[in-house]
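Just data-v1.txt here, compact mmCIF, C-alpha atoms:
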```txt
# COMPACT_ATOMS: atom_id res chain seq x y z
CA MET A 384 70.08 -19.47 -3.96
CA LYS A 385 66.97 -19.22 -1.73
CA GLU A 386 67.55 -19.41 2.01
CA ILE A 387 65.32 -21.73 4.01
CA GLY A 388 63.31 -20.03 6.73
CA MET A 389 63.69 -16.50 5.34
CA GLN A 390 60.42 -14.71 4.77
CA LYS A 391 59.86 -11.86 2.41
CA LYS A 392 58.30 -8.81 4.08
CA VAL A 393 54.73 -8.62 2.81
CA PHE A 394 53.73 -5.22 4.16
CA GLU A 395 55.07 -1.90 5.31
CA LYS A 396 53.92 -0.51 8.65
CA ILE A 397 52.90 3.14 8.21
CA PRO A 398 52.16 5.46 11.15
CA LEU A 399 48.83 7.27 10.80
CA ASN A 400 47.33 9.81 13.12
CA THR A 401 43.77 9.12 14.17
CA CYS A 402 41.31 10.88 16.42
CA ALA A 403 39.07 10.26 19.39
CA PHE A 404 36.35 12.45 20.82
CA LEU A 405 35.71 13.29 24.48
CA GLN A 406 32.56 15.18 25.41
CA PRO A 407 31.04 15.98 28.82
CA ILE A 408 27.32 15.15 28.89
CA LYS A 409 25.49 18.13 30.44
CA GLU A 410 22.42 16.02 31.30
CA HIS A 411 24.48 13.48 33.24
CA LEU A 412 23.02 14.21 36.68
CA LYS A 413 19.46 13.87 35.30
CA ILE A 414 20.05 10.37 33.96
CA LYS A 415 22.62 8.86 36.33
CA LYS A 416 20.06 7.76 38.95
CA ILE A 417 17.71 6.34 36.29
CA LEU A 418 20.52 4.27 34.80
CA LEU A 419 21.88 3.04 38.13
CA ASP A 420 18.37 2.15 39.39
CA TYR A 421 17.85 0.02 36.28
CA ILE A 422 21.26 -1.65 36.61
CA LYS A 423 20.44 -2.59 40.23
CA THR A 424 17.58 -4.73 38.89
CA ILE A 425 19.95 -6.91 36.83
CA LYS A 426 21.19 -10.05 38.54
CA PRO A 427 25.01 -9.85 38.50
CA ASN A 428 26.53 -11.51 35.45
CA HIS A 429 30.23 -11.75 36.18
CA SER A 430 31.54 -12.25 32.66
CA GLY A 431 29.08 -11.47 29.91
CA GLY A 432 31.30 -13.51 27.62
CA PHE A 433 34.19 -11.07 28.02
CA ASP A 434 37.78 -11.95 28.76
CA GLY A 435 38.21 -10.51 32.20
CA ASN A 436 36.36 -10.24 35.46
CA ILE A 437 33.46 -7.84 35.00
CA TYR A 438 31.12 -7.66 38.01
CA ASN A 439 27.91 -7.05 36.08
CA THR A 440 26.85 -6.55 32.46
CA ASP A 441 23.84 -7.04 30.21
CA PHE A 442 25.99 -7.63 27.14
CA ASN A 443 24.54 -11.12 26.60
CA ASN A 444 20.96 -9.90 26.90
CA GLU A 445 19.66 -10.64 23.41
CA ALA A 446 16.95 -7.96 23.53
CA ASN A 447 17.13 -5.64 20.54
CA GLU A 448 16.55 -2.67 22.81
CA LYS A 449 17.55 -2.49 26.46
CA PRO A 450 15.02 -0.75 28.73
CA TYR A 451 17.37 2.21 29.32
CA SER A 452 18.73 2.53 25.78
CA ARG A 453 16.00 4.80 24.34
CA LYS A 454 16.35 7.28 27.22
CA ILE A 455 20.13 7.44 27.01
CA ILE A 456 20.26 7.55 23.21
CA ASN A 457 17.84 10.48 23.09
CA ILE A 458 20.19 12.38 25.38
CA LEU A 459 23.39 11.33 23.58
CA ILE A 460 22.19 11.98 20.00
CA PRO A 461 23.15 15.69 19.98
CA TYR A 462 26.65 14.77 21.18
CA LEU A 463 26.97 11.98 18.62
CA ASN A 464 25.78 14.42 15.96
CA ASN A 465 28.78 16.62 16.86
CA ILE A 466 30.95 13.70 15.75
CA THR A 467 28.79 13.09 12.67
CA LYS A 468 29.43 16.69 11.59
CA GLU A 469 33.15 16.52 12.38
CA LEU A 470 33.52 13.35 10.30
CA LYS A 471 31.44 14.86 7.48
CA ALA A 472 29.18 11.83 7.74
CA LYS A 473 25.72 11.39 6.36
CA GLU A 474 24.23 8.92 8.80
CA LEU A 475 24.92 7.46 12.24
CA LEU A 476 24.16 3.82 13.07
CA ILE A 477 24.32 2.63 16.69
CA THR A 478 24.68 -1.07 17.54
CA ASN A 479 25.40 -3.40 20.46
CA PHE A 480 24.32 -1.31 23.44
CA TRP A 481 25.31 -2.63 26.93
CA PHE A 482 26.42 -1.65 30.42
CA GLN A 483 29.37 -2.88 32.49
CA GLN A 484 30.09 -2.51 36.19
CA TYR A 485 33.51 -2.91 37.72
CA ASN A 486 33.73 -3.54 41.47
CA LYS A 487 36.97 -3.92 43.39
CA GLY A 488 39.08 -6.51 41.53
CA SER A 489 37.07 -6.26 38.29
CA TYR A 490 38.76 -5.68 34.93
CA HIS A 491 38.28 -6.11 31.19
CA ALA A 492 41.22 -7.68 29.35
CA TRP A 493 42.77 -6.40 26.11
CA HIS A 494 40.29 -6.43 23.23
CA ARG A 495 38.98 -4.52 20.25
CA HIS A 496 35.45 -4.19 18.90
CA ILE A 497 34.59 -5.88 15.62
CA LYS A 498 32.01 -5.26 12.89
CA CYS A 499 31.89 -1.53 13.64
CA ASN A 500 34.01 1.58 13.14
CA TRP A 501 33.73 3.38 16.47
CA THR A 502 33.55 2.40 20.15
CA ASN A 503 31.70 4.64 22.59
CA VAL A 504 31.98 4.65 26.38
CA TYR A 505 29.69 6.74 28.58
CA TYR A 506 31.01 6.99 32.14
CA VAL A 507 27.97 6.72 34.43
CA GLU A 508 30.04 6.23 37.61
CA MET A 509 33.72 7.11 37.58
CA PRO A 510 35.22 7.51 41.06
CA GLU A 511 38.41 9.59 41.34
CA ASN A 512 40.52 6.48 41.97
CA ALA A 513 38.97 4.35 39.20
CA PRO A 514 41.39 3.16 36.52
CA GLN A 515 41.47 5.03 33.23
CA LEU A 516 41.09 3.19 29.94
CA ASP A 517 44.36 1.91 28.45
CA LEU A 518 44.83 2.03 24.67
CA VAL A 519 47.58 0.50 22.56
CA ASP A 520 49.30 2.66 19.96
CA GLY A 521 49.00 0.47 16.85
CA TYR A 522 52.32 1.66 15.46
CA ASN A 523 54.61 1.55 18.49
CA LYS A 524 52.68 -1.18 20.35
CA GLN A 525 52.92 0.91 23.53
CA ILE A 526 50.21 1.60 26.09
CA ILE A 527 48.98 5.18 25.87
CA LYS A 528 46.66 7.23 28.04
CA PRO A 529 45.99 10.26 25.84
CA PHE A 530 43.09 11.63 27.92
CA LYS A 531 41.62 11.63 31.40
CA VAL A 532 37.94 10.78 31.55
CA LYS A 533 35.60 11.70 34.37
CA GLU A 534 32.07 10.80 35.37
CA GLY A 535 29.57 12.07 32.82
CA ASP A 536 32.00 11.93 29.88
CA LEU A 537 31.33 10.26 26.54
CA LEU A 538 34.46 8.89 24.88
CA THR A 539 34.39 7.83 21.22
CA PHE A 540 37.41 6.21 19.58
CA PRO A 541 38.16 3.96 16.57
CA SER A 542 37.00 0.42 17.36
CA ASN A 543 40.12 -1.24 15.97
CA ILE A 544 42.27 0.26 18.73
CA ILE A 545 43.18 -2.41 21.26
CA HIS A 546 42.07 -1.31 24.72
CA ARG A 547 41.35 -2.54 28.25
CA SER A 548 39.97 -1.48 31.58
CA PRO A 549 42.69 -2.26 34.16
CA ILE A 550 41.94 -3.82 37.54
CA ASN A 551 39.66 -1.63 39.62
CA LYS A 552 41.14 -1.22 43.09
CA GLY A 553 38.45 1.05 44.47
CA SER A 554 34.77 1.96 44.31
CA THR A 555 32.31 0.80 41.64
CA LYS A 556 32.86 2.10 38.12
CA THR A 557 29.86 1.87 35.75
CA ILE A 558 29.90 2.47 32.01
CA ILE A 559 27.50 2.17 29.13
CA SER A 560 29.17 1.15 25.92
CA PHE A 561 27.94 0.92 22.36
CA ASN A 562 29.33 0.65 18.88
CA SER A 563 28.67 3.03 16.03
CA ASP A 564 29.25 3.51 12.34
CA TYR A 565 29.11 6.64 10.21
CA GLU A 566 28.19 6.68 6.54
CA TYR A 567 30.49 9.11 4.81
CA ILE A 568 29.70 11.71 2.18
CA ASN A 569 32.12 11.92 -0.72
CA LYS A 570 33.17 15.56 -0.58
CA ASN A 571 36.43 16.65 -2.16
```
Do you think you could lay out the structure here as structure tokens?
Amino acid sequence: MKEIGMQKKVFEKIPLNTCAFLQPIKEHLKIKKILLDYIKTIKPNHSGGFDGNIYNTDFNNEANEKPYSRKIINILIPYLNNITKELKAKELLITNFWFQQYNKGSYHAWHRHIKCNWTNVYYVEMPENAPQLDLVDGYNKQIIKPFKVKEGDLLTFPSNIIHRSPINKGSTKTIISFNSDYEYINKN
């Protein structure tokens, strides 16, 4: 006899280890002022279409290439190539390049990035008291903080990991974020 309201389990939850990459950008001091000077020219856009309260972003700017993107990408390519080699990938594709600024009271609610494999965050301004990124462990559904980022760091992590930037209670925090994909080589 079939019980009403009982559901058959349709999947098994399996814990898998994954990786993230954290790299200090040696050229940070050379490009910080250039990036911040550009960002100052953007009229504050307090949402950018995000769930949260972001002080300023150019996420909704439809331009294929942001004025600062070529400069920053040329500097970041060697660091991204470190990841390409580690993943035994053939090709790197970068998409959806934008900046975000968090003033006092700003935050970015829980989200994940879609239509990509990796999320990248370059910390242009990261005051000592600025909140660290929160991630959710997909297996245990618990908030984890597996690393401590600092200004000038590039963090790369799987884009399906739910994450947020908690409420900023201090000085301005500025990041540049972008999505990336790696084409893999079939090596046994």
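Residue nearest Lys487 of chain A, chosen from A:Ser452, A:Thr502, A:Asn543, A:Asn512 and counting all atoms listed in the file: A:Asn512.
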Taking all atoms listed in the file into account, produce a table as CSV in which each residue of segment 495-549 of chain A with an atom at most 9 Å from an atom of segment 411-424 of chain A appears once, together with its shortest atom pair and the distance in Å to one decimal, ordered by chain and rising number.
```
residue,atom,partner,partner_atom,distance
A:Val507,CA,A:Lys415,CA,6.1
A:Glu508,CA,A:Lys415,CA,8.0
A:Glu534,CA,A:His411,CA,8.3
A:Gly535,CA,A:His411,CA,5.3
A:Asp536,CA,A:His411,CA,8.4
```
Which polymer residues, protein or nucleic acid, are no farther than 9 Å from (29.0, 17.2, 25.0), counting all atoms listed in the file, as a PyMOL selection string?
chain A and resi 405-409+459+461-463+465+536-537
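Minimum distance to Lys396 of chain A across A:Phe540, A:Tyr522, A:Trp501, A:Tyr565 (counting all atoms listed in the file) occurs at A:Tyr522.
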Just the residues within 12 Å of Ile497 of chain A, please, counting all atoms listed in the file, with nothing from its chain fewer than 6 positions along; format it as JSON, numbers by chain.
{"A": [478, 479, 541, 542, 543, 544, 545, 561, 562, 563, 564]}
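The shortest atom-to-atom distance to Gln483 of chain A, with all atoms listed in the file taken into account, belongs to A:Tyr438 out of A:Phe394, A:Tyr438, A:Ile568, A:His546.
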Go through A:Leu518, A:Ala492, A:Leu470, A:Cys499 and flag the residue nearest Ile550 of chain A, using all atoms listed in the file for the distances.
A:Ala492
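Counting all atoms listed in the file and comparing A:Val519, A:Ala513, A:Ile466, A:Ala472, the residue that lies closest to Phe404 of chain A is A:Ile466.
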From the list A:Lys449, A:Lys471, A:Asn457, A:Pro549, which residue is nearest Asn436 of chain A when using only C-alpha atoms?
A:Pro549
One decimal, Å: what's the distance from atom CA of Lys533 of chain A over to atom CA of Met509 of chain A, could you say?
5.9 Å
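Our summary of the geometry notes that atom CA of Thr440 of chain A is positioned 19.7 Å from atom CA of Thr539 of chain A.
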